[in-house]
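Q: Structure file protein.cif (mmCIF, N, CA, C and O atoms) right here:
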```cif
data_input
#
loop_
_atom_site.label_atom_id
_atom_site.label_comp_id
_atom_site.auth_asym_id
_atom_site.auth_seq_id
_atom_site.Cartn_x
_atom_site.Cartn_y
_atom_site.Cartn_z
N MET A 1 1.63 -7.56 13.72
CA MET A 1 1.68 -6.57 12.66
C MET A 1 1.48 -7.24 11.31
O MET A 1 2.01 -8.31 11.06
N SER A 2 0.73 -6.59 10.47
CA SER A 2 0.51 -7.07 9.10
C SER A 2 1.31 -6.19 8.15
O SER A 2 1.65 -5.05 8.46
N THR A 3 1.58 -6.73 6.97
CA THR A 3 2.35 -6.01 5.96
C THR A 3 1.44 -5.64 4.81
O THR A 3 0.59 -6.42 4.39
N TYR A 4 1.65 -4.41 4.29
CA TYR A 4 0.81 -3.88 3.22
C TYR A 4 1.68 -3.25 2.14
O TYR A 4 2.75 -2.71 2.41
N LEU A 5 1.17 -3.29 0.91
CA LEU A 5 1.80 -2.64 -0.22
C LEU A 5 0.85 -1.55 -0.71
O LEU A 5 -0.30 -1.83 -1.03
N LEU A 6 1.32 -0.30 -0.72
CA LEU A 6 0.52 0.83 -1.17
C LEU A 6 1.14 1.37 -2.46
O LEU A 6 2.33 1.69 -2.49
N GLU A 7 0.33 1.43 -3.51
CA GLU A 7 0.77 1.92 -4.81
C GLU A 7 -0.03 3.17 -5.14
O GLU A 7 -1.26 3.16 -5.05
N LEU A 8 0.66 4.24 -5.54
CA LEU A 8 0.00 5.52 -5.79
C LEU A 8 0.35 6.07 -7.16
O LEU A 8 1.49 5.92 -7.62
N SER A 9 -0.60 6.76 -7.78
CA SER A 9 -0.37 7.50 -9.02
C SER A 9 -0.79 8.95 -8.79
O SER A 9 -1.92 9.21 -8.38
N TYR A 10 0.14 9.87 -9.01
CA TYR A 10 -0.15 11.29 -8.79
C TYR A 10 -1.05 11.87 -9.88
O TYR A 10 -1.02 11.42 -11.02
N THR A 11 -1.78 12.92 -9.52
CA THR A 11 -2.51 13.70 -10.52
C THR A 11 -1.49 14.55 -11.28
O THR A 11 -0.37 14.78 -10.81
N ALA A 12 -1.89 15.04 -12.43
CA ALA A 12 -1.01 15.93 -13.21
C ALA A 12 -0.69 17.19 -12.40
O ALA A 12 0.45 17.68 -12.41
N GLU A 13 -1.68 17.71 -11.68
CA GLU A 13 -1.46 18.92 -10.87
C GLU A 13 -0.45 18.67 -9.75
O GLU A 13 0.40 19.51 -9.47
N SER A 14 -0.55 17.52 -9.13
CA SER A 14 0.40 17.18 -8.07
C SER A 14 1.81 17.04 -8.62
O SER A 14 2.78 17.52 -8.02
N MET A 15 1.94 16.41 -9.76
CA MET A 15 3.26 16.25 -10.37
C MET A 15 3.85 17.61 -10.75
O MET A 15 5.03 17.87 -10.52
N ALA A 16 3.01 18.48 -11.30
CA ALA A 16 3.47 19.83 -11.67
C ALA A 16 3.94 20.60 -10.44
O ALA A 16 4.97 21.29 -10.47
N ALA A 17 3.19 20.49 -9.34
CA ALA A 17 3.58 21.17 -8.10
C ALA A 17 4.90 20.63 -7.57
O ALA A 17 5.74 21.39 -7.07
N GLN A 18 5.13 19.34 -7.71
CA GLN A 18 6.38 18.74 -7.24
C GLN A 18 7.56 19.14 -8.11
O GLN A 18 8.69 19.30 -7.62
N ILE A 19 7.32 19.34 -9.40
CA ILE A 19 8.38 19.81 -10.29
C ILE A 19 8.80 21.23 -9.90
O ILE A 19 9.98 21.56 -9.89
N LYS A 20 7.82 22.06 -9.54
CA LYS A 20 8.12 23.43 -9.11
C LYS A 20 8.84 23.48 -7.77
O LYS A 20 9.68 24.35 -7.54
N LYS A 21 8.51 22.54 -6.88
CA LYS A 21 9.11 22.51 -5.55
C LYS A 21 9.49 21.06 -5.21
O LYS A 21 8.76 20.38 -4.50
N PRO A 22 10.63 20.59 -5.72
CA PRO A 22 11.02 19.20 -5.49
C PRO A 22 11.30 18.90 -4.02
O PRO A 22 11.92 19.69 -3.32
N GLN A 23 10.78 17.76 -3.58
CA GLN A 23 11.06 17.28 -2.23
C GLN A 23 10.73 15.79 -2.16
O GLN A 23 9.98 15.28 -2.98
N ASP A 24 11.31 15.12 -1.19
CA ASP A 24 11.07 13.69 -1.00
C ASP A 24 9.74 13.54 -0.27
O ASP A 24 9.65 13.68 0.94
N ARG A 25 8.68 13.25 -1.01
CA ARG A 25 7.33 13.15 -0.44
C ARG A 25 7.18 11.94 0.49
O ARG A 25 6.28 11.93 1.33
N LEU A 26 8.04 10.94 0.36
CA LEU A 26 8.00 9.84 1.33
C LEU A 26 8.34 10.36 2.72
O LEU A 26 7.69 10.02 3.70
N LYS A 27 9.36 11.23 2.79
CA LYS A 27 9.77 11.78 4.08
C LYS A 27 8.82 12.85 4.59
O LYS A 27 8.54 12.92 5.78
N THR A 28 8.33 13.70 3.69
CA THR A 28 7.52 14.84 4.14
C THR A 28 6.04 14.52 4.32
O THR A 28 5.36 15.19 5.08
N ALA A 29 5.55 13.51 3.62
CA ALA A 29 4.12 13.18 3.71
C ALA A 29 3.86 11.72 4.08
O ALA A 29 3.02 11.44 4.92
N GLY A 30 4.58 10.81 3.44
CA GLY A 30 4.31 9.39 3.64
C GLY A 30 4.58 8.89 5.04
O GLY A 30 3.70 8.34 5.70
N ILE A 31 5.80 9.09 5.51
CA ILE A 31 6.17 8.58 6.83
C ILE A 31 5.35 9.22 7.94
O ILE A 31 4.84 8.51 8.82
N PRO A 32 5.13 10.55 7.94
CA PRO A 32 4.29 11.13 9.00
C PRO A 32 2.87 10.57 9.02
O PRO A 32 2.31 10.31 10.09
N ALA A 33 2.28 10.34 7.84
CA ALA A 33 0.92 9.78 7.79
C ALA A 33 0.91 8.35 8.33
O ALA A 33 0.01 7.97 9.08
N LEU A 34 1.89 7.57 7.93
CA LEU A 34 1.98 6.19 8.42
C LEU A 34 2.13 6.16 9.93
O LEU A 34 1.43 5.42 10.63
N GLU A 35 3.06 6.95 10.44
CA GLU A 35 3.31 6.97 11.89
C GLU A 35 2.09 7.43 12.67
O GLU A 35 1.80 6.91 13.75
N ALA A 36 1.34 8.38 12.13
CA ALA A 36 0.14 8.87 12.81
C ALA A 36 -0.91 7.77 12.95
O ALA A 36 -1.71 7.79 13.88
N ALA A 37 -0.87 6.80 12.03
CA ALA A 37 -1.81 5.68 12.06
C ALA A 37 -1.24 4.48 12.83
O ALA A 37 -1.88 3.43 12.87
N GLY A 38 -0.06 4.63 13.39
CA GLY A 38 0.55 3.52 14.12
C GLY A 38 1.26 2.52 13.22
O GLY A 38 1.51 1.38 13.61
N CYS A 39 1.59 2.95 12.01
CA CYS A 39 2.25 2.09 11.03
C CYS A 39 3.71 2.48 10.89
O CYS A 39 4.12 3.57 11.29
N THR A 40 4.49 1.59 10.27
CA THR A 40 5.91 1.81 10.05
C THR A 40 6.27 1.50 8.61
O THR A 40 5.91 0.43 8.10
N MET A 41 6.98 2.42 7.96
CA MET A 41 7.42 2.16 6.60
C MET A 41 8.60 1.19 6.61
O MET A 41 9.56 1.37 7.35
N ILE A 42 8.49 0.14 5.81
CA ILE A 42 9.57 -0.83 5.66
C ILE A 42 10.48 -0.41 4.51
O ILE A 42 11.69 -0.53 4.58
N GLY A 43 9.87 0.09 3.45
CA GLY A 43 10.63 0.51 2.28
C GLY A 43 9.70 1.14 1.27
O GLY A 43 8.48 1.16 1.44
N GLY A 44 10.28 1.64 0.23
CA GLY A 44 9.47 2.24 -0.81
C GLY A 44 10.32 3.09 -1.71
O GLY A 44 11.53 3.24 -1.50
N GLY A 45 9.69 3.65 -2.69
CA GLY A 45 10.42 4.51 -3.61
C GLY A 45 9.50 5.03 -4.69
O GLY A 45 8.30 4.76 -4.72
N PHE A 46 10.11 5.81 -5.57
CA PHE A 46 9.40 6.43 -6.67
C PHE A 46 9.71 5.66 -7.95
O PHE A 46 10.83 5.23 -8.18
N SER A 47 8.68 5.50 -8.77
CA SER A 47 8.85 4.76 -10.01
C SER A 47 8.30 5.60 -11.15
O SER A 47 7.76 6.68 -10.93
N PHE A 48 8.44 5.11 -12.34
CA PHE A 48 7.82 5.79 -13.47
C PHE A 48 7.08 4.74 -14.27
O PHE A 48 7.51 3.60 -14.38
N GLY A 49 5.95 5.12 -14.77
CA GLY A 49 5.06 4.17 -15.43
C GLY A 49 3.68 4.32 -14.85
O GLY A 49 3.24 5.42 -14.54
N GLU A 50 3.01 3.21 -14.66
CA GLU A 50 1.63 3.25 -14.17
C GLU A 50 1.52 3.81 -12.76
O GLU A 50 0.58 4.54 -12.43
N ARG A 51 2.45 3.49 -11.90
CA ARG A 51 2.45 3.96 -10.52
C ARG A 51 3.64 4.89 -10.30
O ARG A 51 4.71 4.67 -10.85
N ASP A 52 3.45 5.92 -9.47
CA ASP A 52 4.52 6.88 -9.19
C ASP A 52 5.22 6.60 -7.87
O ASP A 52 6.38 6.98 -7.70
N VAL A 53 4.52 6.00 -6.94
CA VAL A 53 5.07 5.74 -5.61
C VAL A 53 4.67 4.34 -5.17
O VAL A 53 3.52 3.93 -5.35
N ILE A 54 5.62 3.63 -4.57
CA ILE A 54 5.36 2.32 -3.99
C ILE A 54 5.83 2.39 -2.53
O ILE A 54 6.95 2.80 -2.26
N ILE A 55 4.96 1.99 -1.60
CA ILE A 55 5.32 2.00 -0.18
C ILE A 55 4.99 0.63 0.40
O ILE A 55 3.88 0.13 0.25
N LEU A 56 5.96 0.04 1.07
CA LEU A 56 5.78 -1.20 1.80
C LEU A 56 5.79 -0.84 3.28
O LEU A 56 6.73 -0.20 3.75
N PHE A 57 4.70 -1.19 3.99
CA PHE A 57 4.64 -0.80 5.40
C PHE A 57 3.99 -1.87 6.25
O PHE A 57 3.29 -2.74 5.75
N GLU A 58 4.25 -1.77 7.55
CA GLU A 58 3.62 -2.64 8.53
C GLU A 58 2.62 -1.80 9.32
O GLU A 58 2.86 -0.63 9.61
N GLY A 59 1.51 -2.44 9.65
CA GLY A 59 0.49 -1.77 10.44
C GLY A 59 -0.10 -2.72 11.46
O GLY A 59 -0.04 -3.94 11.29
N PRO A 60 -0.69 -2.16 12.51
CA PRO A 60 -1.24 -3.01 13.57
C PRO A 60 -2.47 -3.80 13.16
O PRO A 60 -2.75 -4.85 13.72
N ASN A 61 -3.21 -3.29 12.14
CA ASN A 61 -4.43 -3.98 11.70
C ASN A 61 -4.91 -3.39 10.38
O ASN A 61 -4.37 -2.38 9.90
N ASP A 62 -5.92 -4.01 9.81
CA ASP A 62 -6.47 -3.55 8.53
C ASP A 62 -7.08 -2.16 8.63
O ASP A 62 -7.05 -1.39 7.67
N GLN A 63 -7.64 -1.81 9.78
CA GLN A 63 -8.26 -0.50 9.94
C GLN A 63 -7.21 0.61 9.85
O GLN A 63 -7.48 1.66 9.25
N ALA A 64 -6.03 0.40 10.42
CA ALA A 64 -4.97 1.40 10.34
C ALA A 64 -4.51 1.56 8.90
O ALA A 64 -4.32 2.69 8.42
N ALA A 65 -4.35 0.45 8.18
CA ALA A 65 -3.95 0.52 6.78
C ALA A 65 -5.01 1.21 5.94
O ALA A 65 -4.71 2.02 5.07
N ALA A 66 -6.28 0.91 6.21
CA ALA A 66 -7.37 1.55 5.48
C ALA A 66 -7.41 3.05 5.77
O ALA A 66 -7.66 3.85 4.86
N ALA A 67 -7.14 3.44 7.00
CA ALA A 67 -7.13 4.86 7.36
C ALA A 67 -6.05 5.61 6.58
O ALA A 67 -6.28 6.72 6.09
N VAL A 68 -4.88 5.00 6.43
CA VAL A 68 -3.82 5.62 5.64
C VAL A 68 -4.29 5.79 4.20
O VAL A 68 -4.17 6.86 3.61
N ALA A 69 -4.84 4.74 3.62
CA ALA A 69 -5.32 4.80 2.24
C ALA A 69 -6.42 5.86 2.07
O ALA A 69 -6.44 6.58 1.07
N GLN A 70 -7.29 5.97 3.06
CA GLN A 70 -8.38 6.95 2.99
C GLN A 70 -7.86 8.38 3.04
O GLN A 70 -8.31 9.25 2.30
N VAL A 71 -6.90 8.63 3.93
CA VAL A 71 -6.32 9.98 4.05
C VAL A 71 -5.60 10.37 2.76
O VAL A 71 -5.74 11.50 2.28
N VAL A 72 -4.85 9.44 2.20
CA VAL A 72 -4.15 9.72 0.95
C VAL A 72 -5.15 10.01 -0.16
O VAL A 72 -5.00 10.97 -0.91
N ALA A 73 -6.19 9.20 -0.28
CA ALA A 73 -7.20 9.40 -1.32
C ALA A 73 -7.93 10.73 -1.15
O ALA A 73 -8.23 11.41 -2.12
N ALA A 74 -8.19 11.11 0.09
CA ALA A 74 -8.92 12.36 0.36
C ALA A 74 -8.06 13.60 0.14
O ALA A 74 -8.60 14.69 -0.04
N GLY A 75 -6.75 13.44 0.10
CA GLY A 75 -5.85 14.58 -0.04
C GLY A 75 -5.90 15.26 -1.39
O GLY A 75 -5.52 16.42 -1.51
N GLY A 76 -6.31 14.53 -2.41
CA GLY A 76 -6.46 15.13 -3.74
C GLY A 76 -5.21 15.11 -4.60
O GLY A 76 -5.26 15.56 -5.74
N SER A 77 -4.09 14.61 -4.11
CA SER A 77 -2.86 14.62 -4.91
C SER A 77 -2.65 13.34 -5.71
O SER A 77 -1.74 13.27 -6.53
N VAL A 78 -3.48 12.32 -5.45
CA VAL A 78 -3.36 11.08 -6.21
C VAL A 78 -4.62 10.82 -7.02
O VAL A 78 -5.73 11.14 -6.59
N LYS A 79 -4.43 10.28 -8.22
CA LYS A 79 -5.58 9.95 -9.06
C LYS A 79 -5.97 8.49 -8.91
O LYS A 79 -7.08 8.12 -9.25
N ALA A 80 -5.05 7.68 -8.42
CA ALA A 80 -5.35 6.26 -8.22
C ALA A 80 -4.45 5.72 -7.12
O ALA A 80 -3.30 6.13 -6.98
N SER A 81 -5.01 4.81 -6.34
CA SER A 81 -4.21 4.13 -5.32
C SER A 81 -4.71 2.71 -5.18
O SER A 81 -5.86 2.40 -5.49
N LYS A 82 -3.82 1.87 -4.69
CA LYS A 82 -4.16 0.47 -4.48
C LYS A 82 -3.41 -0.01 -3.25
O LYS A 82 -2.20 0.18 -3.16
N THR A 83 -4.13 -0.59 -2.31
CA THR A 83 -3.51 -1.15 -1.11
C THR A 83 -3.72 -2.66 -1.13
O THR A 83 -4.84 -3.13 -1.32
N THR A 84 -2.65 -3.40 -0.94
CA THR A 84 -2.69 -4.86 -0.95
C THR A 84 -2.13 -5.38 0.36
O THR A 84 -1.02 -5.01 0.75
N LYS A 85 -2.90 -6.20 1.05
CA LYS A 85 -2.40 -6.85 2.25
C LYS A 85 -1.55 -8.04 1.82
O LYS A 85 -1.97 -8.83 0.97
N LEU A 86 -0.36 -8.15 2.40
CA LEU A 86 0.55 -9.23 2.05
C LEU A 86 0.58 -10.28 3.16
O LEU A 86 0.54 -9.93 4.34
N LEU A 87 0.64 -11.53 2.78
CA LEU A 87 0.75 -12.62 3.74
C LEU A 87 2.21 -13.05 3.86
O LEU A 87 2.95 -13.05 2.87
N SER A 88 2.59 -13.46 5.05
CA SER A 88 3.92 -14.04 5.25
C SER A 88 3.92 -15.44 4.64
O SER A 88 2.86 -15.99 4.30
N GLY A 89 5.10 -16.02 4.55
CA GLY A 89 5.19 -17.38 4.02
C GLY A 89 4.39 -18.38 4.85
O GLY A 89 3.71 -19.25 4.31
N SER A 90 4.44 -18.24 6.18
CA SER A 90 3.70 -19.18 7.02
C SER A 90 2.19 -18.95 6.89
O SER A 90 1.42 -19.92 6.92
N GLN A 91 1.75 -17.71 6.74
CA GLN A 91 0.33 -17.44 6.53
C GLN A 91 -0.14 -18.02 5.19
O GLN A 91 -1.23 -18.57 5.09
N TRP A 92 0.70 -17.89 4.18
CA TRP A 92 0.37 -18.41 2.86
C TRP A 92 0.23 -19.93 2.90
O TRP A 92 -0.73 -20.49 2.38
N THR A 93 1.19 -20.61 3.52
CA THR A 93 1.11 -22.08 3.56
C THR A 93 -0.04 -22.55 4.43
O THR A 93 -0.65 -23.58 4.14
N SER A 94 -0.38 -21.80 5.46
CA SER A 94 -1.55 -22.14 6.26
C SER A 94 -2.82 -22.04 5.42
O SER A 94 -3.71 -22.90 5.50
N ALA A 95 -2.90 -20.99 4.59
CA ALA A 95 -4.06 -20.84 3.70
C ALA A 95 -4.11 -21.98 2.69
O ALA A 95 -5.19 -22.49 2.37
N LEU A 96 -2.96 -22.39 2.19
CA LEU A 96 -2.92 -23.51 1.25
C LEU A 96 -3.42 -24.80 1.90
O LEU A 96 -4.17 -25.57 1.29
N ARG A 97 -3.03 -25.03 3.16
CA ARG A 97 -3.51 -26.22 3.87
C ARG A 97 -5.03 -26.17 4.03
O ARG A 97 -5.72 -27.17 3.85
N LYS A 98 -5.54 -24.99 4.39
CA LYS A 98 -6.98 -24.83 4.56
C LYS A 98 -7.69 -25.04 3.22
O LYS A 98 -8.73 -25.69 3.15
N ALA A 99 -7.10 -24.51 2.14
CA ALA A 99 -7.69 -24.69 0.81
C ALA A 99 -7.77 -26.17 0.45
O ALA A 99 -8.77 -26.62 -0.13
N GLY A 100 -6.75 -26.94 0.81
CA GLY A 100 -6.77 -28.38 0.55
C GLY A 100 -7.90 -29.08 1.27
O GLY A 100 -8.47 -30.04 0.76
N LYS A 101 -8.26 -28.58 2.45
CA LYS A 101 -9.34 -29.19 3.23
C LYS A 101 -10.73 -28.84 2.71
O LYS A 101 -11.67 -29.60 2.89
N ILE A 102 -10.86 -27.67 2.08
CA ILE A 102 -12.19 -27.25 1.63
C ILE A 102 -12.40 -27.38 0.13
O ILE A 102 -13.48 -27.11 -0.38
N ALA A 103 -11.36 -27.79 -0.59
CA ALA A 103 -11.44 -27.86 -2.06
C ALA A 103 -12.60 -28.70 -2.56
O ALA A 103 -13.22 -28.39 -3.56
N GLY A 104 -12.94 -29.78 -1.84
CA GLY A 104 -14.04 -30.64 -2.27
C GLY A 104 -15.41 -29.99 -2.15
O GLY A 104 -16.37 -30.44 -2.76
N ALA A 105 -15.51 -28.91 -1.38
CA ALA A 105 -16.80 -28.23 -1.18
C ALA A 105 -17.11 -27.24 -2.30
O ALA A 105 -18.24 -26.78 -2.42
N TYR A 106 -16.13 -26.92 -3.11
CA TYR A 106 -16.33 -25.94 -4.20
C TYR A 106 -16.59 -26.67 -5.50
O TYR A 106 -15.82 -27.56 -5.89
N HIS A 107 -17.67 -26.30 -6.17
CA HIS A 107 -18.03 -26.92 -7.44
C HIS A 107 -18.21 -25.82 -8.49
O HIS A 107 -19.25 -25.16 -8.51
N PRO A 108 -17.23 -25.62 -9.36
CA PRO A 108 -17.35 -24.56 -10.36
C PRO A 108 -18.52 -24.81 -11.31
O PRO A 108 -18.92 -25.96 -11.52
N ALA A 109 -19.01 -23.73 -11.88
CA ALA A 109 -20.14 -23.83 -12.83
C ALA A 109 -19.73 -24.56 -14.10
O ALA A 109 -18.63 -24.58 -14.50
#
```
Take the structure in the file and give it back as structure tokens.
A:
Amino acid sequence: MSTYLLELSYTAESMAAQIKKPQDRLKTAGIPALEAAGCTMIGGGFSFGERDVIILFEGPNDQAAAAVAQVVAAGGSVKASKTTKLLSGSQWTSALRKAGKIAGAYHPA
């Protein structure tokens, strides 16, 4: 399983609809969409500022994570979204070791 960070910003219309009918959209929309794609929510919450919702989830592969992002984008309730694949500590250090081996092959302009 891979870990992903999904950041969402609602449209003004979506925010207005939620003000009229308040509900926990993580429970009513987020978790069902994740589960339908074979993913599991690890955590998340609502914020204020540039992003309105942050979701941390695990998925079986990049295609499942992309499918979640595509469904959310197609729904029309978000104006912006960003999905970031996260590496574990061991994956990160493995990448660093590989970078050390190939560093001599890169020559910046």
Q: One decimal, Å: what's the distance from CA of Leu86 in chain A over to atom N of Gly30 in chain A, could you say?
A: 20.5 Å
Q: Output the residue selection produced by the PyMOL selection byres (((chain A and resi 16-29 and name CA) around 10) and name CA) on the file above, formatted as a tab-separated table (two decimals) with N, CA, C and O atoms, in the frame of the given file.
A:
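What follows is the written file part-v3.tsv:
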```tsv
chain	number	residue	atom	x	y	z
A	10	TYR	N	0.14	9.87	-9.01
A	10	TYR	CA	-0.15	11.29	-8.79
A	10	TYR	C	-1.05	11.87	-9.88
A	10	TYR	O	-1.02	11.42	-11.02
A	11	THR	N	-1.78	12.92	-9.52
A	11	THR	CA	-2.51	13.70	-10.52
A	11	THR	C	-1.49	14.55	-11.28
A	11	THR	O	-0.37	14.78	-10.81
A	12	ALA	N	-1.89	15.04	-12.43
A	12	ALA	CA	-1.01	15.93	-13.21
A	12	ALA	C	-0.69	17.19	-12.40
A	12	ALA	O	0.45	17.68	-12.41
A	13	GLU	N	-1.68	17.71	-11.68
A	13	GLU	CA	-1.46	18.92	-10.87
A	13	GLU	C	-0.45	18.67	-9.75
A	13	GLU	O	0.40	19.51	-9.47
A	14	SER	N	-0.55	17.52	-9.13
A	14	SER	CA	0.40	17.18	-8.07
A	14	SER	C	1.81	17.04	-8.62
A	14	SER	O	2.78	17.52	-8.02
A	15	MET	N	1.94	16.41	-9.76
A	15	MET	CA	3.26	16.25	-10.37
A	15	MET	C	3.85	17.61	-10.75
A	15	MET	O	5.03	17.87	-10.52
A	30	GLY	N	4.58	10.81	3.44
A	30	GLY	CA	4.31	9.39	3.64
A	30	GLY	C	4.58	8.89	5.04
A	30	GLY	O	3.70	8.34	5.70
A	31	ILE	N	5.80	9.09	5.51
A	31	ILE	CA	6.17	8.58	6.83
A	31	ILE	C	5.35	9.22	7.94
A	31	ILE	O	4.84	8.51	8.82
A	32	PRO	N	5.13	10.55	7.94
A	32	PRO	CA	4.29	11.13	9.00
A	32	PRO	C	2.87	10.57	9.02
A	32	PRO	O	2.31	10.31	10.09
A	33	ALA	N	2.28	10.34	7.84
A	33	ALA	CA	0.92	9.78	7.79
A	33	ALA	C	0.91	8.35	8.33
A	33	ALA	O	0.01	7.97	9.08
A	34	LEU	N	1.89	7.57	7.93
A	34	LEU	CA	1.98	6.19	8.42
A	34	LEU	C	2.13	6.16	9.93
A	34	LEU	O	1.43	5.42	10.63
A	41	MET	N	6.98	2.42	7.96
A	41	MET	CA	7.42	2.16	6.60
A	41	MET	C	8.60	1.19	6.61
A	41	MET	O	9.56	1.37	7.35
A	43	GLY	N	9.87	0.09	3.45
A	43	GLY	CA	10.63	0.51	2.28
A	43	GLY	C	9.70	1.14	1.27
A	43	GLY	O	8.48	1.16	1.44
A	44	GLY	N	10.28	1.64	0.23
A	44	GLY	CA	9.47	2.24	-0.81
A	44	GLY	C	10.32	3.09	-1.71
A	44	GLY	O	11.53	3.24	-1.50
A	45	GLY	N	9.69	3.65	-2.69
A	45	GLY	CA	10.42	4.51	-3.61
A	45	GLY	C	9.50	5.03	-4.69
A	45	GLY	O	8.30	4.76	-4.72
A	46	PHE	N	10.11	5.81	-5.57
A	46	PHE	CA	9.40	6.43	-6.67
A	46	PHE	C	9.71	5.66	-7.95
A	46	PHE	O	10.83	5.23	-8.18
A	53	VAL	N	4.52	6.00	-6.94
A	53	VAL	CA	5.07	5.74	-5.61
A	53	VAL	C	4.67	4.34	-5.17
A	53	VAL	O	3.52	3.93	-5.35
A	54	ILE	N	5.62	3.63	-4.57
A	54	ILE	CA	5.36	2.32	-3.99
A	54	ILE	C	5.83	2.39	-2.53
A	54	ILE	O	6.95	2.80	-2.26
A	55	ILE	N	4.96	1.99	-1.60
A	55	ILE	CA	5.32	2.00	-0.18
A	55	ILE	C	4.99	0.63	0.40
A	55	ILE	O	3.88	0.13	0.25
A	72	VAL	N	-4.85	9.44	2.20
A	72	VAL	CA	-4.15	9.72	0.95
A	72	VAL	C	-5.15	10.01	-0.16
A	72	VAL	O	-5.00	10.97	-0.91
A	77	SER	N	-4.09	14.61	-4.11
A	77	SER	CA	-2.86	14.62	-4.91
A	77	SER	C	-2.65	13.34	-5.71
A	77	SER	O	-1.74	13.27	-6.53
```
Q: I would like the residues chosen by the PyMOL selection byres ((chain A and resi 1) around 7) on the shown file; could you give them as an NGL selection string?
A: :A and (2-3 or 58-61)
Q: How about saving the chosen residues, N, CA, C and O atoms kept, as a tab-separated table (two decimals), in the coordinates of the input?
A:
```tsv
chain	number	residue	atom	x	y	z
A	2	SER	N	0.73	-6.59	10.47
A	2	SER	CA	0.51	-7.07	9.10
A	2	SER	C	1.31	-6.19	8.15
A	2	SER	O	1.65	-5.05	8.46
A	3	THR	N	1.58	-6.73	6.97
A	3	THR	CA	2.35	-6.01	5.96
A	3	THR	C	1.44	-5.64	4.81
A	3	THR	O	0.59	-6.42	4.39
A	58	GLU	N	4.25	-1.77	7.55
A	58	GLU	CA	3.62	-2.64	8.53
A	58	GLU	C	2.62	-1.80	9.32
A	58	GLU	O	2.86	-0.63	9.61
A	59	GLY	N	1.51	-2.44	9.65
A	59	GLY	CA	0.49	-1.77	10.44
A	59	GLY	C	-0.10	-2.72	11.46
A	59	GLY	O	-0.04	-3.94	11.29
A	60	PRO	N	-0.69	-2.16	12.51
A	60	PRO	CA	-1.24	-3.01	13.57
A	60	PRO	C	-2.47	-3.80	13.16
A	60	PRO	O	-2.75	-4.85	13.72
A	61	ASN	N	-3.21	-3.29	12.14
A	61	ASN	CA	-4.43	-3.98	11.70
A	61	ASN	C	-4.91	-3.39	10.38
A	61	ASN	O	-4.37	-2.38	9.90
```
Q: Have a look at CA of Leu8 in chain A and CA of Leu56 in chain A and let me know their distance in Å, one decimal.
A: 11.7 Å
Q: What does the structure give for the distance between CA of Thr40 in chain A and CA of Leu96 in chain A, in Å to one decimal?
A: 28.2 Å
Q: When DSSP works through the backbone of this structure, what residues of chain A end up as strand (DSSP E or B), shown as a ChimeraX atom specification?
A: /A:2-10,40-46,53-59,78-86
Q: Spell out the residues picked by the PyMOL selection byres ((chain A and resi 85) around 8) here, as a list in words.
A: Ser2, Thr3, Tyr4, Leu5, Leu6, Phe57, Lys82, Thr83, Thr84, Leu86, Leu87 and Ser88 of chain A
Q: Return the single residue from A:Ala37, A:Ala99, A:Ala80, A:Gly49 that is closest to Ser9 in chain A, with distances computed using only N, CA, C and O atoms.
A: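 Smallest separation from Ser9 in chain A among the options: A:Ala80.
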Q: Write down as a VMD selection string the residues of chain A whose backbone DSSP state falls under alpha helix (DSSP H).
A: chain A and resid 12 to 20 25 31 to 36 62 to 74 89 to 102
